[in-house]
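Enquirer: Dropping in query.cif, which is mmCIF, C-alpha atoms:
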```cif
data_data
#
loop_
_atom_site.label_atom_id
_atom_site.label_comp_id
_atom_site.auth_asym_id
_atom_site.auth_seq_id
_atom_site.Cartn_x
_atom_site.Cartn_y
_atom_site.Cartn_z
CA MET U 20 12.27 24.12 0.41
CA LYS U 21 14.05 20.87 -0.37
CA ILE U 22 12.11 17.63 0.03
CA LEU U 23 13.33 14.02 0.04
CA LEU U 24 10.75 11.39 -0.99
CA VAL U 25 11.49 7.85 0.17
CA ASP U 26 9.27 5.14 -1.34
CA ASP U 27 10.05 1.90 -3.19
CA SER U 28 7.13 2.51 -5.58
CA LYS U 29 7.94 4.70 -8.58
CA THR U 30 4.18 5.25 -8.96
CA MET U 31 3.89 6.63 -5.45
CA ARG U 32 7.02 8.78 -5.83
CA ASN U 33 5.52 10.30 -9.01
CA ILE U 34 2.14 10.90 -7.33
CA LEU U 35 3.79 12.56 -4.33
CA LYS U 36 6.03 14.64 -6.59
CA GLY U 37 3.00 15.79 -8.58
CA ILE U 38 1.18 16.91 -5.45
CA LEU U 39 4.29 18.67 -4.14
CA ASN U 40 4.81 20.42 -7.49
CA GLN U 41 1.21 21.68 -7.32
CA MET U 42 1.97 23.03 -3.85
CA GLY U 43 4.93 24.93 -5.35
CA TYR U 44 7.71 22.62 -4.16
CA THR U 45 10.03 21.68 -7.01
CA ASP U 46 13.39 20.93 -5.39
CA ILE U 47 12.70 17.25 -4.80
CA GLU U 48 15.04 14.27 -4.52
CA VAL U 49 13.85 10.66 -4.42
CA ALA U 50 15.13 7.48 -2.77
CA CYS U 51 13.84 3.95 -3.32
CA ASP U 52 14.45 2.54 0.18
CA GLY U 53 16.02 3.38 3.54
CA LEU U 54 19.56 2.58 2.45
CA ASP U 55 19.21 4.77 -0.64
CA ALA U 56 17.79 7.54 1.56
CA LEU U 57 20.70 7.32 4.01
CA SER U 58 23.13 7.66 1.11
CA LYS U 59 21.38 10.79 -0.19
CA VAL U 60 20.12 12.63 2.88
CA VAL U 61 23.42 14.21 3.95
CA GLY U 62 24.38 15.49 0.51
CA PHE U 63 20.89 16.70 -0.41
CA ALA U 64 20.17 18.20 3.05
CA PRO U 65 16.36 18.24 2.80
CA ASP U 66 14.10 20.51 4.82
CA LEU U 67 11.37 17.85 4.94
CA MET U 68 11.18 14.11 4.26
CA LEU U 69 8.20 11.97 3.20
CA VAL U 70 8.96 8.37 4.07
CA ASP U 71 7.15 5.12 3.31
CA TRP U 72 7.28 2.32 5.89
CA ASN U 73 7.32 -1.04 4.10
CA MET U 74 10.29 -1.07 1.73
CA PRO U 75 12.91 -3.68 0.83
CA ASN U 76 16.56 -3.50 1.99
CA MET U 77 15.85 -1.01 4.80
CA ASP U 78 12.29 -0.11 5.78
CA GLY U 79 11.10 3.37 6.67
CA LEU U 80 11.09 2.85 10.42
CA ALA U 81 14.68 1.60 10.43
CA PHE U 82 15.69 4.58 8.28
CA VAL U 83 14.00 7.06 10.66
CA LYS U 84 15.72 5.46 13.67
CA ALA U 85 19.11 5.51 11.94
CA TYR U 86 18.62 9.12 10.84
CA ARG U 87 17.50 10.34 14.27
CA ALA U 88 20.37 8.46 15.93
CA LYS U 89 22.71 10.86 14.10
CA GLY U 90 21.03 13.75 15.96
CA CYS U 91 19.22 15.02 12.85
CA LYS U 92 16.02 16.95 13.49
CA ILE U 93 14.55 17.56 10.01
CA PRO U 94 10.77 16.97 10.08
CA ILE U 95 9.63 13.58 8.80
CA LEU U 96 6.14 12.77 7.52
CA MET U 97 5.47 9.04 7.24
CA VAL U 98 3.23 8.10 4.26
CA THR U 99 2.23 4.47 4.66
CA THR U 100 -0.46 1.79 4.58
CA GLU U 101 0.24 0.99 8.26
CA ALA U 102 -2.92 2.38 9.87
CA GLU U 103 -3.14 0.75 13.30
CA LYS U 104 -2.79 2.99 16.34
CA SER U 105 0.06 0.84 17.68
CA ARG U 106 2.04 1.40 14.46
CA VAL U 107 1.46 5.15 14.56
CA ILE U 108 2.72 5.23 18.14
CA GLU U 109 5.74 3.14 17.14
CA ALA U 110 6.54 5.59 14.35
CA ILE U 111 6.17 8.66 16.58
CA LYS U 112 8.45 7.06 19.19
CA ALA U 113 11.02 6.45 16.45
CA GLY U 114 11.02 10.14 15.60
CA VAL U 115 8.36 10.63 12.93
CA ASN U 116 6.66 14.04 13.23
CA ASN U 117 3.41 13.33 11.38
CA TYR U 118 1.60 10.52 9.63
CA VAL U 119 -0.52 10.00 6.49
CA VAL U 120 -2.27 6.71 5.78
CA LYS U 121 -2.50 5.42 2.20
CA PRO U 122 -4.83 5.76 0.35
CA PHE U 123 -4.96 9.54 0.73
CA THR U 124 -6.36 12.48 -1.19
CA PRO U 125 -4.08 15.33 -2.30
CA ASP U 126 -5.93 17.64 0.11
CA VAL U 127 -5.14 15.44 3.11
CA LEU U 128 -1.47 15.15 2.14
CA GLN U 129 -1.21 18.90 1.63
CA GLN U 130 -2.81 19.54 5.00
CA ARG U 131 -0.41 17.18 6.78
CA ILE U 132 2.62 18.69 5.07
CA GLU U 133 1.55 22.19 6.08
CA GLU U 134 0.87 20.99 9.64
CA THR U 135 4.27 19.34 9.86
CA LEU U 136 6.13 22.38 8.59
CA SER U 137 4.15 24.73 10.80
CA LYS U 138 4.84 22.68 13.95
CA SER U 139 8.49 22.40 13.01
CA SER U 140 8.82 26.18 12.58
CA ALA U 141 7.07 26.76 15.91
CA ALA U 142 9.42 24.37 17.68
CA ALA U 143 12.55 25.94 16.17
CA MET C 23 -18.79 -18.37 4.03
CA ASP C 24 -17.32 -16.31 6.88
CA GLN C 25 -18.07 -12.76 5.78
CA SER C 26 -16.14 -11.27 8.70
CA ALA C 27 -12.81 -12.09 7.04
CA ILE C 28 -13.92 -10.99 3.55
CA HIS C 29 -15.66 -7.75 4.48
CA PRO C 30 -12.41 -5.87 5.32
CA PHE C 31 -11.21 -6.48 1.76
CA VAL C 32 -14.51 -5.32 0.25
CA VAL C 33 -14.28 -2.10 2.27
CA SER C 34 -10.61 -1.61 1.43
CA VAL C 35 -11.05 -2.14 -2.33
CA ARG C 36 -13.81 0.48 -2.41
CA ASN C 37 -11.85 2.91 -0.23
CA THR C 38 -8.67 2.57 -2.30
CA PHE C 39 -10.39 3.12 -5.64
CA GLU C 40 -12.59 5.96 -4.40
CA THR C 41 -9.71 7.78 -2.69
CA MET C 42 -6.84 7.33 -5.15
CA LEU C 43 -8.73 7.01 -8.45
CA GLN C 44 -11.99 8.85 -7.57
CA MET C 45 -13.75 5.82 -9.00
CA GLY C 46 -16.57 3.70 -7.62
CA VAL C 47 -16.29 -0.10 -7.63
CA GLU C 48 -19.17 -2.54 -7.95
CA ILE C 49 -18.35 -5.72 -6.02
CA GLY C 50 -20.37 -8.85 -6.77
CA GLU C 51 -21.22 -11.76 -4.54
CA PRO C 52 -18.11 -13.56 -3.21
CA VAL C 53 -17.68 -17.08 -4.54
CA VAL C 54 -15.28 -19.88 -3.69
CA LYS C 55 -12.71 -19.89 -6.48
CA ALA C 56 -12.70 -22.88 -8.82
CA ASP C 57 -9.34 -24.62 -9.08
CA ARG C 58 -7.56 -22.95 -12.00
CA ALA C 59 -9.97 -20.24 -13.07
CA PRO C 60 -10.12 -17.39 -13.89
CA SER C 61 -7.03 -16.33 -15.85
CA HIS C 62 -5.54 -12.87 -15.84
CA ASP C 63 -2.89 -10.73 -17.49
CA VAL C 64 -1.67 -8.62 -14.52
CA SER C 65 -1.79 -9.78 -10.87
CA GLY C 66 -0.54 -8.10 -7.71
CA ILE C 67 -0.04 -10.43 -4.74
CA ILE C 68 0.48 -9.70 -1.06
CA GLY C 69 0.94 -12.25 1.72
CA PHE C 70 -0.39 -11.93 5.24
CA ASN C 71 1.35 -13.35 8.30
CA GLY C 72 0.66 -13.55 12.02
CA ASP C 73 -2.75 -13.91 13.65
CA VAL C 74 -4.29 -13.51 10.19
CA GLY C 75 -2.42 -15.44 7.50
CA GLY C 76 -2.96 -15.96 3.79
CA SER C 77 -2.91 -13.80 0.71
CA VAL C 78 -4.77 -11.28 -1.40
CA VAL C 79 -4.46 -11.13 -5.18
CA LEU C 80 -5.63 -8.18 -7.32
CA SER C 81 -5.96 -9.22 -10.97
CA PHE C 82 -6.79 -7.43 -14.20
CA PRO C 83 -7.07 -8.00 -17.92
CA PHE C 84 -4.22 -6.03 -19.51
CA ALA C 85 -6.41 -3.31 -21.07
CA THR C 86 -8.19 -2.71 -17.74
CA ALA C 87 -4.85 -2.49 -15.94
CA GLN C 88 -3.63 0.06 -18.48
CA ARG C 89 -6.72 2.24 -18.04
CA ILE C 90 -6.65 2.01 -14.25
CA VAL C 91 -2.93 2.82 -14.06
CA SER C 92 -3.44 5.78 -16.41
CA VAL C 93 -6.08 7.16 -14.05
CA PHE C 94 -3.96 6.35 -10.99
CA THR C 95 -0.83 8.05 -12.28
CA GLY C 96 -2.48 10.78 -14.33
CA MET C 97 -0.30 9.77 -17.30
CA HIS C 98 -0.86 7.85 -20.52
CA VAL C 99 0.35 4.26 -20.13
CA GLY C 100 1.31 2.51 -23.38
CA ASP C 101 1.35 -1.19 -24.17
CA GLU C 102 5.12 -1.33 -23.60
CA ALA C 103 5.01 0.23 -20.11
CA THR C 104 4.70 -3.10 -18.29
CA ASP C 105 7.16 -2.03 -15.58
CA ASP C 106 5.04 1.04 -14.78
CA ILE C 107 1.85 -1.05 -14.81
CA ALA C 108 3.43 -3.63 -12.50
CA ASP C 109 4.65 -0.96 -10.09
CA ALA C 110 1.24 0.74 -9.95
CA VAL C 111 -0.67 -2.53 -9.50
CA GLY C 112 1.75 -3.42 -6.71
CA GLU C 113 0.98 -0.16 -4.98
CA LEU C 114 -2.79 -0.65 -5.37
CA VAL C 115 -2.71 -4.15 -3.84
CA ASN C 116 -0.44 -2.76 -1.10
CA MET C 117 -3.09 -0.19 -0.18
CA ILE C 118 -5.90 -2.76 -0.34
CA ALA C 119 -3.98 -5.18 1.90
CA GLY C 120 -3.00 -2.43 4.34
CA GLY C 121 -6.53 -1.13 4.55
CA ALA C 122 -7.90 -4.63 5.19
CA LYS C 123 -5.20 -5.34 7.78
CA ALA C 124 -6.28 -2.30 9.78
CA GLN C 125 -9.76 -3.84 10.06
CA PHE C 126 -8.56 -6.87 12.06
CA PRO C 127 -8.41 -5.11 15.45
CA GLY C 128 -6.48 -6.71 18.26
CA ARG C 129 -4.62 -9.03 15.88
CA THR C 130 -0.90 -8.93 15.15
CA VAL C 131 -0.66 -9.02 11.37
CA SER C 132 2.16 -8.21 8.97
CA ILE C 133 2.00 -7.96 5.19
CA SER C 134 4.67 -8.67 2.61
CA CYS C 135 5.99 -6.31 -0.04
CA PRO C 136 3.91 -6.83 -3.19
CA SER C 137 4.84 -9.17 -6.01
CA VAL C 138 3.38 -8.57 -9.46
CA ILE C 139 2.95 -11.01 -12.34
CA VAL C 140 2.54 -9.67 -15.87
CA GLY C 141 1.76 -12.38 -18.40
CA GLU C 142 -1.16 -13.14 -20.68
CA ASN C 143 -3.67 -15.66 -19.36
CA HIS C 144 -1.86 -16.67 -16.16
CA THR C 145 -3.57 -18.16 -13.13
CA VAL C 146 -2.66 -17.68 -9.50
CA GLN C 147 -3.18 -20.68 -7.26
CA CYS C 148 -3.77 -20.48 -3.55
CA ALA C 149 -1.64 -22.36 -1.07
CA ARG C 150 -2.35 -26.08 -0.97
CA GLY C 151 -5.36 -26.76 1.18
CA ALA C 152 -6.39 -23.09 1.28
CA VAL C 153 -9.85 -21.93 0.38
CA CYS C 154 -9.79 -18.95 -1.92
CA VAL C 155 -12.70 -16.53 -2.15
CA LEU C 156 -13.12 -14.59 -5.38
CA LEU C 157 -14.67 -11.11 -5.42
CA PRO C 158 -15.80 -10.14 -8.93
CA CYS C 159 -15.34 -6.37 -9.29
CA GLY C 160 -16.21 -3.77 -11.89
CA CYS C 161 -15.39 -0.11 -12.40
CA ASP C 162 -15.45 2.48 -15.19
CA CYS C 163 -12.15 1.07 -16.51
CA GLY C 164 -13.43 -2.50 -16.71
CA GLY C 165 -13.79 -5.68 -14.72
CA PHE C 166 -11.20 -7.16 -12.36
CA THR C 167 -11.01 -9.65 -9.51
CA VAL C 168 -9.81 -9.70 -5.93
CA GLU C 169 -8.97 -13.14 -4.55
CA VAL C 170 -8.71 -13.60 -0.80
CA ALA C 171 -7.37 -16.68 0.96
CA ILE C 172 -7.33 -16.00 4.68
CA ARG C 173 -6.47 -18.27 7.58
CA SER C 174 -7.85 -16.61 10.66
CA VAL C 175 -7.04 -17.53 14.22
CA PRO C 176 -10.17 -16.88 16.30
CA ALA C 177 -9.36 -14.52 19.17
CA ASP C 178 -10.34 -17.08 21.79
CA ALA C 179 -8.16 -19.76 20.21
CA ALA C 180 -5.06 -17.69 19.57
CA GLY C 181 -3.28 -19.14 22.55
CA GLU C 182 -3.96 -22.70 21.47
CA GLY C 183 -2.86 -22.06 17.87
CA ARG C 184 -6.11 -23.36 16.34
CA ALA C 185 -6.68 -21.98 12.86
CA ARG C 186 -9.08 -22.49 10.03
CA TRP C 187 -9.28 -21.47 6.39
CA VAL C 188 -12.14 -19.08 5.81
CA ALA C 189 -14.84 -20.18 3.43
#
```
Translate this file's structure into structure tokens.

Expert:
Amino acid sequence: MKILLVDDSKTMRNILKGILNQMGYTDIEVACDGLDALSKVVGFAPDLMLVDWNMPNMDGLAFVKAYRAKGCKIPILMVTTEAEKSRVIEAIKAGVNNYVVKPFTPDVLQQRIEETLSKSSAAA
Amino acid sequence: MDQSAIHPFVVSVRNTFETMLQMGVEIGEPVVKADRAPSHDVSGIIGFNGDVGGSVVLSFPFATAQRIVSVFTGMHVGDEATDDIADAVGELVNMIAGGAKAQFPGRTVSISCPSVIVGENHTVQCARGAVCVLLPCGCDCGGFTVEVAIRSVPADAAGEGRARWVA
């Protein structure tokens, strides 16, 4: 399982990587914003992406829209401080498969990742 | 003092520390900040825009920031790791601002990406004419402050553009 983490915060990337390592996922690539993610996603070919929303250069929502516009269907879990219902709806409409609001516990993140992967397998 | 604009930040500070650091926070009585006090060593700043405008500043003495970031990241943070400290403080104030934002229902609010200042004994001044409320906070890693300067447009006045600084 290959996972692409997209977040402008090195702290958050390290926290997410730690949780993913504990879940047994070790093939992880990181990107620091949407533009960086677009440059890496094709070559790395992840099976799952965790994407922050508010980032410089290209935010997470713009990245998701650009990625989905290419016809790509890899599951995307948005990990963000944007908690309002309207923002969640906006993200789902853009093509996000699941959503985690910061701050989060490792258990909640793990549960959402497993949910996302399970739904993605069922849909395939 | 209008507690309705401050309360979301109190809730969000507690929620962020309890969730990400598994640490309780004692928050003292809010006070209107005196002009150039207090001073800090590490400050994370986020601006608010839209129906709720202003800023929130999360500030620490350096040793407290080091301890908190060590807990947050699960790694030892040395004196020289100012970039790591700045990044982590930026993420903490991001979560606090986001959590507070979600508690202004029915308002269109956006928040900036965080800026972080690392420098011994600096002060952060509010916008000219703004009233800044200081929340004195304490946790197992030490004391810190959260400063909130919020301009809130009352829901019934949004159409007329009337605004007031909260104090």

Enquirer: Leaving out Val70 in chain U and any residue of its chain fewer than 2 positions from it, which residues lie within 7 Å of it when counting only C-alpha atoms, given as a PDB file with C-alpha atoms, keeping the file's coordinate frame?

Expert:
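Result file follows (result18.pdb):
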```pdb
ATOM      1  CA  LEU U  24      10.750  11.390  -0.990  1.00  0.00           C
ATOM      2  CA  VAL U  25      11.490   7.850   0.170  1.00  0.00           C
ATOM      3  CA  ASP U  26       9.270   5.140  -1.340  1.00  0.00           C
ATOM      4  CA  MET U  68      11.180  14.110   4.260  1.00  0.00           C
ATOM      5  CA  TRP U  72       7.280   2.320   5.890  1.00  0.00           C
ATOM      6  CA  GLY U  79      11.100   3.370   6.670  1.00  0.00           C
ATOM      7  CA  LEU U  96       6.140  12.770   7.520  1.00  0.00           C
ATOM      8  CA  MET U  97       5.470   9.040   7.240  1.00  0.00           C
ATOM      9  CA  VAL U  98       3.230   8.100   4.260  1.00  0.00           C
TER      10      VAL U  98
END
```

Enquirer: Tell me the residues of chain C close to chain U, meaning within 12 Å using all atoms listed in the file, as a PyMOL selection string.

Expert: chain C and resi 34-44+91-97+99+105-137

Enquirer: Here's the selection I'm unsure about, the PyMOL selection byres ((chain C and resi 50-52) around 8); applied to the file above, which residues does it give, as a list in words?

Expert: Glu48, Ile49, Val53, Val54, Val155, Leu156, Leu157, Pro158 and Cys159 of chain C

Enquirer: For range 143-146 of chain C, list every protein, DNA or RNA residue within 10 Å, evaluated using only C-alpha atoms, and leave out those in the same chain fewer than 3 positions away; present the list as a compact mmCIF listing (two decimals) with C-alpha atoms, in the coordinates of the input.

Expert:
```
# COMPACT_ATOMS: atom_id res chain seq x y z
CA ASP C 57 -9.34 -24.62 -9.08
CA ARG C 58 -7.56 -22.95 -12.00
CA ALA C 59 -9.97 -20.24 -13.07
CA PRO C 60 -10.12 -17.39 -13.89
CA SER C 61 -7.03 -16.33 -15.85
CA HIS C 62 -5.54 -12.87 -15.84
CA ASP C 63 -2.89 -10.73 -17.49
CA VAL C 64 -1.67 -8.62 -14.52
CA SER C 65 -1.79 -9.78 -10.87
CA GLY C 66 -0.54 -8.10 -7.71
CA ILE C 67 -0.04 -10.43 -4.74
CA VAL C 79 -4.46 -11.13 -5.18
CA SER C 81 -5.96 -9.22 -10.97
CA PRO C 83 -7.07 -8.00 -17.92
CA PHE C 84 -4.22 -6.03 -19.51
CA ILE C 139 2.95 -11.01 -12.34
CA VAL C 140 2.54 -9.67 -15.87
CA ALA C 149 -1.64 -22.36 -1.07
CA GLU C 169 -8.97 -13.14 -4.55
```

Enquirer: Check what the PyMOL selection byres ((chain U and resi 57) around 12) selects in the file above and give those residues as a PyMOL selection string.

Expert: chain U and resi 23-25+49-56+58-65+68+70+76-79+81-89+91

Enquirer: Evaluate the PyMOL selection byres ((chain C and resi 85) around 9) here and jot the selected residues down as a ChimeraX atom specification.

Expert: /C:63,82-84,86-90,101,163-164

Enquirer: Could you give me, as an MDAnalysis selection string, the residues that sit within 7 Å of (1.0, -12.3, 3.1) in the file's coordinates, counting all atoms listed in the file?

Expert: chainID C and resid 68:71 75:77 133:134

Enquirer: So how many Å separate CA of Leu69 in chain U and CA of Met42 in chain U, to one decimal?

Expert: 14.5 Å

Enquirer: CA of Lys92 in chain U to CA of Arg32 in chain U: how many Å, to one decimal?

Expert: 22.8 Å

Enquirer: Could you list, as a list in words, every residue within 12 Å of Lys138 in chain U, counting all atoms listed in the file and ignoring same-chain residues fewer than 5 positions away?

Expert: Ile93, Pro94, Ile95, Leu96, Asn116, Asn117, Arg131, Ile132, Glu133 and Ala143 of chain U

Enquirer: To one decimal place, how far is CA of Glu109 in chain U from CA of Phe31 in chain C in Å?

Expert: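 That distance, rounded to one decimal, is 24.8 Å.
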
Enquirer: When you get a chance, write out N, CA and C atoms for range 68-97 of chain U, as a short mmCIF file (atom, residue, chain, number, x, y, z; two decimals), in the frame of the given file.

Expert:
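The result, stored in result_14.cif:
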```cif
data_model
loop_
_atom_site.label_atom_id
_atom_site.label_comp_id
_atom_site.auth_asym_id
_atom_site.auth_seq_id
_atom_site.Cartn_x
_atom_site.Cartn_y
_atom_site.Cartn_z
N MET U 68 11.13 15.43 4.90
CA MET U 68 11.18 14.11 4.26
C MET U 68 9.80 13.45 4.33
N LEU U 69 9.41 12.82 3.23
CA LEU U 69 8.20 11.97 3.20
C LEU U 69 8.70 10.55 3.04
N VAL U 70 8.35 9.70 4.01
CA VAL U 70 8.96 8.37 4.07
C VAL U 70 7.89 7.28 4.14
N ASP U 71 8.00 6.30 3.26
CA ASP U 71 7.15 5.12 3.31
C ASP U 71 7.66 4.20 4.40
N TRP U 72 6.84 3.25 4.85
CA TRP U 72 7.28 2.32 5.89
C TRP U 72 7.80 1.02 5.29
N ASN U 73 6.95 0.30 4.59
CA ASN U 73 7.32 -1.04 4.10
C ASN U 73 8.11 -0.94 2.80
N MET U 74 9.41 -1.12 2.90
CA MET U 74 10.29 -1.07 1.73
C MET U 74 11.33 -2.18 1.87
N PRO U 75 11.85 -2.67 0.75
CA PRO U 75 12.91 -3.68 0.83
C PRO U 75 14.24 -3.06 1.29
N ASN U 76 15.19 -3.89 1.60
CA ASN U 76 16.56 -3.50 1.99
C ASN U 76 16.61 -2.80 3.34
N MET U 77 15.97 -1.66 3.49
CA MET U 77 15.85 -1.01 4.80
C MET U 77 14.48 -0.33 4.83
N ASP U 78 13.63 -0.70 5.78
CA ASP U 78 12.29 -0.11 5.78
C ASP U 78 12.32 1.30 6.36
N GLY U 79 11.16 1.97 6.29
CA GLY U 79 11.10 3.37 6.67
C GLY U 79 11.38 3.60 8.14
N LEU U 80 10.89 2.68 8.98
CA LEU U 80 11.09 2.85 10.42
C LEU U 80 12.58 2.75 10.77
N ALA U 81 13.24 1.77 10.18
CA ALA U 81 14.68 1.60 10.43
C ALA U 81 15.45 2.83 9.93
N PHE U 82 15.04 3.37 8.80
CA PHE U 82 15.69 4.58 8.28
C PHE U 82 15.51 5.75 9.26
N VAL U 83 14.27 5.94 9.73
CA VAL U 83 14.00 7.06 10.66
C VAL U 83 14.86 6.91 11.91
N LYS U 84 14.92 5.69 12.45
CA LYS U 84 15.72 5.46 13.67
C LYS U 84 17.20 5.76 13.42
N ALA U 85 17.70 5.29 12.27
CA ALA U 85 19.11 5.51 11.94
C ALA U 85 19.39 7.00 11.74
N TYR U 86 18.46 7.69 11.11
CA TYR U 86 18.62 9.12 10.84
C TYR U 86 18.57 9.93 12.13
N ARG U 87 17.62 9.62 12.99
CA ARG U 87 17.50 10.34 14.27
C ARG U 87 18.68 10.02 15.20
N ALA U 88 19.23 8.84 15.08
CA ALA U 88 20.37 8.46 15.93
C ALA U 88 21.59 9.33 15.64
N LYS U 89 21.61 9.94 14.44
CA LYS U 89 22.71 10.86 14.10
C LYS U 89 22.47 12.25 14.68
N GLY U 90 21.35 12.44 15.38
CA GLY U 90 21.03 13.75 15.96
C GLY U 90 20.34 14.69 14.99
N CYS U 91 19.84 14.17 13.87
CA CYS U 91 19.22 15.02 12.85
C CYS U 91 17.76 15.28 13.20
N LYS U 92 17.35 16.55 13.00
CA LYS U 92 16.02 16.95 13.49
C LYS U 92 15.06 17.37 12.38
N ILE U 93 15.42 17.16 11.12
CA ILE U 93 14.55 17.56 10.01
C ILE U 93 13.19 16.87 10.16
N PRO U 94 12.09 17.59 9.92
CA PRO U 94 10.77 16.97 10.08
C PRO U 94 10.54 15.83 9.09
N ILE U 95 9.90 14.77 9.61
CA ILE U 95 9.63 13.58 8.80
C ILE U 95 8.14 13.29 8.84
N LEU U 96 7.54 13.15 7.66
CA LEU U 96 6.14 12.77 7.52
C LEU U 96 6.12 11.35 6.96
N MET U 97 5.53 10.43 7.71
CA MET U 97 5.47 9.04 7.24
C MET U 97 4.22 8.88 6.38
#
```
